[in-house]
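Asker: Once you've had a glance at the structure underneath, I'll fire off some questions.
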Amino acid sequence: MARAVSKRRKLIVTVLAWSIGLLIFFPILWTILTSFKSEGEAIELPPKFLFFAWTTENYAVVQERSNYLLFAMNSILLALGSTLFALVIAIPSAWAMAFAPGKRTKDLLMWMLSTKMMPPVGALIPLYLIFRDFGLLDTRGGIITVLMLLNLPIIIWMLYTYFKEIPGEILEASRMDGASLGKELLYVLTPMAIPGIASTLLLNIILAWNEAFWTLALTTKDAAPLTQFIASYSSPEGLFWAKLSAASTMAIAPILVLGWFAQKQLVRGLTFGAVK
Amino acid sequence: MATQQTRALGKLAVAPSVFALFVWMIVPLAMTIYFSFLRYNLLDPNIACSLMHPGQLFDAENRCLAGFSNYTYFLTDPAFFKAMGNSLILVGWVLGISVAGGTLLALLLDQAFYGRGFVRIMMIAPFLVMPTVSALVWKNMMMNPVSGFLAYLFKLVGLQPIDWFAHAPMTAVVIMVAWQWVPFATLILLTSLQSLDEEQKEAAEMDGTPPLSYFWYIVLPHLIRPMTVVILIETIFLLNVFAEIYVTGTGGRAGNLPFLVYQYGLISNDIGGASAGGIIAVILANIVAFFLMRMIGKNLEA
Amino acid sequence: MGTISLVKARKAFGDAIIIPGVDLDIKDGEFVVFVGPSGCGKSTLLRMIAGLEDLTSGSILIDGKNMTEEAPSKRGLSMVFQSYALYPHMSVRGNISFGLKMAGMPKDEIAAKVAKAAATLNLTEYLDRKPRQLSGGQRQRVAIGRAIVRNPEGFLFDEPLSNLDAALRVNMRLEIMQMHKDLGATMIYVTHDQVEAMTMADRIVVLNRGNIEQVGTPLELYNHPDSLFVAGFIGSPKMNLMDGAPAAPYKCATIGIRPEHLDISREAGTWPATIRLAEHLGADTFLHVDAGLCGMMTVRAEGEYEVASGAKIFLTPEPSRIHRFDKDGKAIRK
């Protein structure tokens with residue numbers, strides 16, 4: 001419903017909102033701009049905003065020097081792998097809890113949530129030792145499993161809240177129509193739940209991509225994703241701001257794009273369905 | 001509401017995730033509890049402790065039992081109080097800033113103006129930035145005392161630039177972390193604002209409610225629930241902030257509890273001490289979790 | 001053919017008893033309506049017949065065969081749901097044919113059946129649309145089409161008209177009755193609307209807290225309610241019920257008289273009353289009156305009855321139309 005708003009007021013709000021928005025966005029904007037500067041111009045004062053010699057050289061150098069592609073590939077593999085792995089386990093669980101709930105389903109959901117409350121440092125030492133003893137340190141399989149378990153509760157919760165919105169009568173209608181459970185899930189539930197499953201996937205990719213406790217603690221090189229790659233710039237090499245900026249831009253750009261699509265899902269997923 | 005057959009299938013379908021999460025939760029926790037009662041240093045062979053304390057008890061792998069000494073050691077370590085203090089400062093300040101700031105920003109974004117969608121994504125973006133990137137960008141390009149952007153601004157208005165990480169590391173960390181979490185609060189409060197009944201707004205308008213009373217009597221009560229959600233969820237994440245401190249190298253002065261445990265374990269190799277610290281962190285987190293679970297549980301009923 | 005029998009059918013969720021135990025025989029080709037207030041267990045009973053809910057004990061016989069443990073689709077019944085429960089991602093054609101496809105029917109046979117059902121229900125031009133592109137009435141037809149094509153022994157309707165607006169509801173009511181006439185199949189129809197029950201049913205089953213209060217034809221229930229509950233539930237506007245002093249001359253705890261069975265006079269009668277409100281419907285006028293000891297009563301006057309609020313009138317019940325109930329709410333018959 002459109003409400004009457006005076007032009008003047010709208011203009012004032014526009015100026016105010018854009019100023020604050022740009023202020024908050026500034027560090028990211030600045031990083032992106034710096035990534036196109038030469039190292040000299042990057043630290044020059046007063047800083048130059050748009051009128052500098054634009055160059056994409058930094059991106060080429062970062063690629064070449066630091067195996068950026070390997071880290072990026074790891075980020076993609078870890079995010080996708082852990083998410084798909086979790087979905088395979090979570091879809092049947094969420095179906096059961098949404099459509100065939102027992103007396104203890106709610107307790108079970110709460111318990112799953114509670115595993116998320118566990119501070120990672122409580123598990124850091126044993127997990128580190130287990131990984132070391134089983135040769136899992138710095139392996140993709142190992143870290144994928146950890147990320148999968150880390151986000152499984154959120155995935156189950158999100159799917160659960162989406163499935164809950166599908167009227168049970170439709171599934172019952174398919175049962176009246178003679179569909180077996182397998183066909184019910186395949187022909188009726190899954191097609192209806194695709195938007196929900198896609199949002200869940202999106203959110204989880206974002207979370208896994210940005211996860212920076214376990215990836216820092218359990219990977220070093222072979223399985224290291226972009227979090228670790230960026231962390232390596234905290235060494236004196238980080239003084240090369242233009243290159244740091246190029247690397248950072250490459251690390252956050254995909255997620256900024258995904259996040260733009262997933263704003264609503266972020267809210268639902270991160271509040272366990274408490275705010276929609 | 002189902003037949004027995006579907007319920008039986010349901011149990012089968014839930015089993016894998018329950019099993020996985022159970023193992024994930026119980027095995028490391030049990031090991032951490034066990035380690036916390038050992039004198040267990042990865043670098044220091046066990047012989048040392050048996051020489052020092054004749055009559056020492058050992059476990060199956062020949063590690064000496066330590067009783068509660070790890071706990072007493074960790075709890076009396078001045079670094080523990082420092083870390084606890086830092087944890088509380090970080091959580092407290094970031095919560096305050098993000099709830100207040102988030103409310104104001106959400107109210108602003110709820111207004112009609114040109115380019116609303118674009119401004120919204122700009123304001124949410126920091127939340128999507130990888131913590132390690134945020135840490136390095138702030139440390140170097142924003143807060144560097146010589147050529148950082150803030151230094152430039154300070155000089156521009158004739159002030160002495162601050163060497164943030166040398167003189168005010170805690171402030172620097174709070175700014176950095178708040179920058180990431182204000183957007184989260186904004187996003188959630190905005191979503192909730194937009195679910196405020198349009199007819200309720202119109203009814204208030206017909207009643208001639210002045211804007212401040214409208215905010216106080218209608219908007220704020222509506223936001224109480226999402227605010228609690230924001231506070232509790234942020235608390236969980238903020239208690240566990242790690243990457244920002246690790247990457248900026250502020251662990252020495254602004255290190256929080258997770259960083260201290262990391263230091264004990266992976267830097268000093270004191271597995272027993274780190275485990276005791278981990279258990280203390282778990283206990284603290286559980287106190288917070290208790291309240292969060294109760295609230296989300298209530299929402300589940302509704 | 002399509003007889004359906006419930007034998008001591010009982011349903012409990014833990015300690016909560018929904019249906020304490022119901023016995024009911026439904027004849028082949030009969031149109032039976034389950035009616036009762038919300039929460040009376042009528043939908044649960046229907047879902048038990050459909051096989052969507054287990055029985056805690058007792059059995060369900062369809063066509064003489066025990067179907068208590070049988071899967072819903074094996075019972076030879078079709079169901080029309082309150083929300084229509086159409087598959088949102090399938091076209092109208094897909095929705096109607098899904099059950100046939102599941103049954104493994106050859107494609108050309110399916111096409112023929114769908115075409116026929118669509119023609120009967122005026123859906124032919126909508127076959128390729130998705131449910132969200134249809135109006136409420138059209139969705140309702142699709143749901144019915146989906147039920148028809150399977151050629152069931154019996155149809156189960158779970159409050160199918162409650163989501164439609166009033167005018168459409170009357171239309172669909174007639175169409176469902178016509179369908180029943182044409183197909184001759186057994187139909188069980190659940191509703192909380194006593195008007196639907198009265199107009200559609202061969203027999204009405206009145207349910208109260210999971211128990212059958214009374215089973216009978218609409219007019220049996222109207223003329224001879226077995227209990228206060230049925231008396232109050234069937235008929236619109238409601239029967240006037242009075243206990244205490246007005247009931248004493250009739251030697252019972254409560255008497256009931258329908259609004260249409262009261263004679264109105266401006267001069268003399270059994271009960272003096274004061275007009276409080278008059279509802280003018282054109283064909284009838286409903287007077288809400290304060291009848292002193294008898295309390296508030298509703299009276300039906302034929303045609304346009306001009307009267308001012310506060311006017312005094314007298315009411316006289318038709319003696320043969322007085323219903324008497326004992327203190328347990330059971331009807332006393334002479």
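Identifiers for the structure tokens are assigned positionally: chains receive A, B, ... in sequence, residues are indexed from 1 per chain, and ligands are indexed from 1 in the order shown.
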Enumerate, in order of chain and increasing residue number, the residues of chain C with an atom no farther than 9 Å from chain B, each with its shortest atom pair and distance in Å to one decimal, counting only C-alpha atoms, as a Markdown table.
Answerer:
| residue | atom | partner | partner_atom | distance |
| --- | --- | --- | --- | --- |
| C:Gly51 | CA | B:Thr3 | CA | 8.1 |
| C:Leu52 | CA | B:Thr3 | CA | 6.4 |
| C:Glu53 | CA | B:Thr3 | CA | 5.3 |
| C:Asp54 | CA | B:Thr3 | CA | 5.2 |
| C:Leu55 | CA | B:Thr3 | CA | 8.9 |
Asker: Tell me the residues of chain C close to chain A, meaning within 8 Å using only C-alpha atoms, as a ChimeraX atom specification.
Answerer: /C:50,52,72-74,77-79,81,83,85-89,98-100,102-103
Asker: Let me see the file: selected residues, C-alpha atoms, as a short mmCIF file (atom, residue, chain, number, x, y, z; two decimals), in the first residue's frame.
Answerer:
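Saved file part_20.cif follows:
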data_model
loop_
_atom_site.label_atom_id
_atom_site.label_comp_id
_atom_site.auth_asym_id
_atom_site.auth_seq_id
_atom_site.Cartn_x
_atom_site.Cartn_y
_atom_site.Cartn_z
CA ALA C 50 -9.81 -42.36 4.70
CA LEU C 52 -5.02 -40.95 7.12
CA PRO C 72 -5.46 -44.93 2.10
CA SER C 73 -5.19 -45.46 -1.63
CA LYS C 74 -6.29 -49.10 -1.41
CA LEU C 77 -12.20 -43.84 -1.59
CA SER C 78 -11.46 -40.34 -2.85
CA MET C 79 -11.14 -37.30 -0.67
CA PHE C 81 -9.84 -31.52 1.31
CA SER C 83 -7.83 -26.44 1.54
CA ALA C 85 -4.73 -29.59 -1.31
CA LEU C 86 -3.93 -29.17 -5.00
CA TYR C 87 -0.34 -29.82 -6.05
CA PRO C 88 0.86 -26.25 -6.63
CA HIS C 89 3.62 -27.20 -9.05
CA PHE C 98 -1.74 -37.81 -10.69
CA GLY C 99 -3.72 -40.59 -9.00
CA LEU C 100 -4.22 -42.43 -12.29
CA MET C 102 0.34 -43.57 -9.68
CA ALA C 103 -2.01 -46.45 -10.41
#
Asker: Per DSSP on the backbone, filter stretch 45-241 of chain B down to the residues in helix (DSSP H, G or I) and report them as a ChimeraX atom specification.
Answerer: /B:47-52,69-76,78-109,116-128,131-142,149-156,164-167,169-194,198-206,211-239
Asker: Let's have the selection written as a compact mmCIF listing (two decimals), in the first residue's frame, with C-alpha atoms.
Answerer:
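The resulting file, part-v6.txt, is reproduced below:
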# COMPACT_ATOMS: atom_id res chain seq x y z
CA ILE B 47 58.54 -38.28 33.00
CA ALA B 48 58.97 -34.80 34.33
CA CYS B 49 55.81 -34.83 36.36
CA SER B 50 56.45 -38.27 37.77
CA LEU B 51 59.88 -37.14 38.94
CA MET B 52 58.47 -34.02 40.50
CA SER B 69 45.08 -28.28 39.24
CA ASN B 70 44.50 -27.25 35.61
CA TYR B 71 41.36 -25.45 36.68
CA THR B 72 43.00 -23.73 39.63
CA TYR B 73 45.93 -22.81 37.43
CA PHE B 74 43.75 -21.45 34.63
CA LEU B 75 41.36 -19.65 36.96
CA THR B 76 44.18 -17.98 38.89
CA PRO B 78 46.02 -13.23 35.54
CA ALA B 79 45.63 -13.76 31.80
CA PHE B 80 42.30 -15.43 32.52
CA PHE B 81 40.91 -12.33 34.22
CA LYS B 82 42.25 -10.19 31.46
CA ALA B 83 40.65 -12.45 28.85
CA MET B 84 37.34 -12.60 30.71
CA GLY B 85 37.36 -8.84 31.00
CA ASN B 86 38.11 -8.49 27.31
CA SER B 87 35.34 -10.94 26.44
CA LEU B 88 32.85 -8.99 28.49
CA ILE B 89 33.95 -5.61 27.11
CA LEU B 90 33.72 -6.92 23.58
CA VAL B 91 30.31 -8.53 24.03
CA GLY B 92 28.88 -5.62 26.01
CA TRP B 93 30.00 -2.84 23.72
CA VAL B 94 29.21 -4.58 20.47
CA LEU B 95 25.76 -5.56 21.76
CA GLY B 96 25.01 -2.02 22.85
CA ILE B 97 26.22 -0.50 19.62
CA SER B 98 24.50 -3.01 17.39
CA VAL B 99 21.11 -2.90 19.10
CA ALA B 100 21.00 0.90 19.27
CA GLY B 101 22.57 1.39 15.85
CA GLY B 102 20.61 -1.42 14.31
CA THR B 103 17.31 0.04 15.52
CA LEU B 104 18.11 3.48 14.14
CA LEU B 105 19.29 2.09 10.82
CA ALA B 106 16.29 -0.20 10.53
CA LEU B 107 13.94 2.72 11.15
CA LEU B 108 15.78 4.70 8.50
CA LEU B 109 15.67 1.87 5.96
CA ARG B 116 16.34 1.93 -0.96
CA GLY B 117 17.31 -1.51 -2.21
CA PHE B 118 20.82 -0.39 -2.99
CA VAL B 119 21.36 1.36 0.33
CA ARG B 120 20.08 -1.70 2.12
CA ILE B 121 22.61 -4.00 0.48
CA MET B 122 25.38 -1.48 1.25
CA MET B 123 24.42 -1.50 4.91
CA ILE B 124 24.19 -5.28 5.11
CA ALA B 125 27.42 -5.93 3.22
CA PRO B 126 29.83 -5.82 6.21
CA PHE B 127 28.07 -8.82 7.70
CA LEU B 128 28.91 -10.81 4.59
CA PRO B 131 36.21 -12.06 9.26
CA THR B 132 39.84 -12.33 8.20
CA VAL B 133 39.31 -9.81 5.41
CA SER B 134 37.56 -7.41 7.72
CA ALA B 135 40.38 -7.69 10.22
CA LEU B 136 43.13 -6.94 7.69
CA VAL B 137 41.27 -4.16 5.94
CA TRP B 138 40.62 -2.38 9.22
CA LYS B 139 44.09 -3.00 10.55
CA ASN B 140 45.90 -1.71 7.50
CA MET B 141 43.88 0.50 5.29
CA MET B 142 41.59 2.07 7.85
CA PHE B 149 42.23 6.43 6.09
CA LEU B 150 41.28 7.32 9.66
CA ALA B 151 44.73 8.86 10.19
CA TYR B 152 44.10 10.98 7.10
CA LEU B 153 40.74 12.13 8.49
CA PHE B 154 42.28 12.96 11.87
CA LYS B 155 44.99 15.01 10.23
CA LEU B 156 42.43 16.70 8.05
CA TRP B 164 44.87 2.16 17.30
CA PHE B 165 46.48 -1.23 17.73
CA ALA B 166 49.26 0.07 19.95
CA HIS B 167 47.29 2.37 22.19
CA PRO B 169 43.61 -2.30 20.83
CA MET B 170 40.33 -3.10 22.58
CA THR B 171 38.60 -0.09 21.02
CA ALA B 172 39.93 -1.12 17.64
CA VAL B 173 38.59 -4.65 18.01
CA VAL B 174 35.21 -3.38 19.22
CA ILE B 175 34.92 -1.05 16.21
CA MET B 176 35.87 -3.83 13.84
CA VAL B 177 33.48 -6.38 15.28
CA ALA B 178 30.64 -3.89 15.69
CA TRP B 179 31.04 -2.95 12.02
CA GLN B 180 30.24 -6.56 11.20
CA TRP B 181 27.36 -7.03 13.62
CA VAL B 182 25.43 -3.76 13.36
CA PRO B 183 24.30 -4.88 9.88
CA PHE B 184 23.05 -8.15 11.32
CA ALA B 185 20.92 -6.33 13.89
CA THR B 186 19.73 -3.92 11.20
CA LEU B 187 18.70 -6.74 8.90
CA ILE B 188 16.72 -8.57 11.55
CA LEU B 189 15.06 -5.50 13.02
CA LEU B 190 14.20 -4.25 9.54
CA THR B 191 12.61 -7.56 8.61
CA SER B 192 10.59 -7.40 11.76
CA LEU B 193 9.61 -3.74 11.19
CA GLN B 194 8.32 -4.63 7.77
CA GLU B 198 0.08 -1.93 7.83
CA GLU B 199 -3.41 -1.43 9.24
CA GLN B 200 -1.93 -0.82 12.66
CA LYS B 201 0.20 1.96 11.17
CA GLU B 202 -2.85 3.42 9.48
CA ALA B 203 -4.93 3.19 12.63
CA ALA B 204 -2.21 5.10 14.51
CA GLU B 205 -2.17 7.69 11.76
CA MET B 206 -5.96 8.10 11.95
CA PRO B 211 5.89 10.06 15.62
CA LEU B 212 7.66 9.66 18.96
CA SER B 213 4.64 8.18 20.71
CA TYR B 214 4.09 5.98 17.70
CA PHE B 215 7.62 4.67 18.06
CA TRP B 216 7.35 4.27 21.81
CA TYR B 217 3.93 2.62 22.05
CA ILE B 218 3.69 0.66 18.82
CA VAL B 219 7.06 0.12 17.14
CA LEU B 220 9.22 -0.56 20.18
CA PRO B 221 6.94 -3.21 21.73
CA HIS B 222 6.87 -4.89 18.32
CA LEU B 223 10.68 -4.87 18.20
CA ILE B 224 11.22 -6.27 21.69
CA ARG B 225 11.14 -9.86 20.53
CA PRO B 226 13.53 -9.51 17.58
CA MET B 227 15.80 -7.41 19.81
CA THR B 228 16.02 -10.26 22.29
CA VAL B 229 16.76 -12.62 19.44
CA VAL B 230 19.52 -10.29 18.23
CA ILE B 231 21.01 -9.96 21.69
CA LEU B 232 21.08 -13.66 22.38
CA ILE B 233 22.34 -14.77 18.99
CA GLU B 234 25.00 -12.08 18.87
CA THR B 235 26.10 -13.04 22.36
CA ILE B 236 26.73 -16.59 21.23
CA PHE B 237 28.80 -15.45 18.26
CA LEU B 238 30.56 -12.61 20.08
CA LEU B 239 31.70 -14.87 22.89
Asker: Could you list, as a compact mmCIF listing (two decimals) with C-alpha atoms, in the first residue's frame, every residue within 9 Å of C:Ser236, counting only C-alpha atoms and ignoring same-chain residues fewer than 6 positions away?
Answerer:
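Heads up, here's the output in selection_38.txt:
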# COMPACT_ATOMS: atom_id res chain seq x y z
CA GLN C 194 -26.02 -26.98 9.74
CA VAL C 195 -27.63 -25.40 6.66
CA ARG C 258 -38.55 -22.98 17.41
CA PRO C 259 -38.89 -19.30 16.36
Asker: Given only C-alpha atoms as the basis, pick out the residue of C:Thr298, C:Asn223, C:Thr68, C:Thr316 nearest to C:Met239.
Answerer: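 Counting only C-alpha atoms, the residue closest to C:Met239 is C:Thr298.
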Asker: Which residues are near B:Gly251? Cut-off 10 Å, only C-alpha atoms, ignore same chain within fewer than 5 positions. Put them as a PyMOL selection string.
Answerer: chain B and resi 83+169-170+242+244-246+256+259-260+263
Asker: With distances taken over only C-alpha atoms, which of B:Arg253, B:Arg39, B:Lys11, B:Arg63 is nearest to chain A?
Answerer: B:Lys11
Asker: Give me the residues near C:Ala9 as a PyMOL selection string, where near means some atom within 7 Å (using only C-alpha atoms) and where sequence neighbours in that chain fewer than 6 positions away do not count.
Answerer: chain C and resi 21-23+55+57-59
Asker: Need the shell around C:Thr186: protein/DNA/RNA residues with any atom at most 6 Å away, counting only C-alpha atoms. Skip same-chain ones fewer than 2 positions apart. Format as a PyMOL selection string?
Answerer: chain C and resi 2+28-30+154
Asker: Now that the selection is made, can you save its residues with N, CA, C and O atoms as a compact mmCIF listing (two decimals), in the first residue's frame?
Answerer:
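Ended up saving to result.txt:
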# COMPACT_ATOMS: atom_id res chain seq x y z
N GLY C 2 -20.73 -49.78 -2.24
CA GLY C 2 -20.03 -48.80 -1.41
C GLY C 2 -20.56 -48.64 -0.02
O GLY C 2 -20.79 -47.51 0.44
N ASP C 28 -24.96 -48.12 0.76
CA ASP C 28 -24.42 -47.82 -0.56
C ASP C 28 -25.19 -46.67 -1.21
O ASP C 28 -26.42 -46.65 -1.19
N GLY C 29 -24.48 -45.71 -1.74
CA GLY C 29 -25.10 -44.62 -2.47
C GLY C 29 -25.71 -43.55 -1.58
O GLY C 29 -26.35 -42.62 -2.07
N GLU C 30 -25.51 -43.67 -0.29
CA GLU C 30 -26.10 -42.72 0.62
C GLU C 30 -25.27 -41.44 0.71
O GLU C 30 -24.05 -41.48 0.56
N GLY C 154 -16.54 -44.51 -2.88
CA GLY C 154 -17.10 -43.47 -2.01
C GLY C 154 -16.26 -42.20 -2.05
O GLY C 154 -15.06 -42.25 -2.34
Asker: Have a look at atom CA of A:Met148 and atom CA of A:Met250 and let me know their distance in Å, one decimal.
Answerer: 24.1 Å
Asker: Find the residue from A:Gly40, A:Gly196, A:Gly81, A:Pro101 that sits nearest to chain B; use only C-alpha atoms when measuring.
Answerer: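 Among the listed residues, the smallest separation from chain B belongs to A:Pro101.
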Asker: Which residue out of B:Pro210, B:Tyr264, B:Phe37, B:Pro258 has the minimum interatomic distance to chain A when only C-alpha atoms are used?
Answerer: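 Nearest to chain A: B:Pro258.
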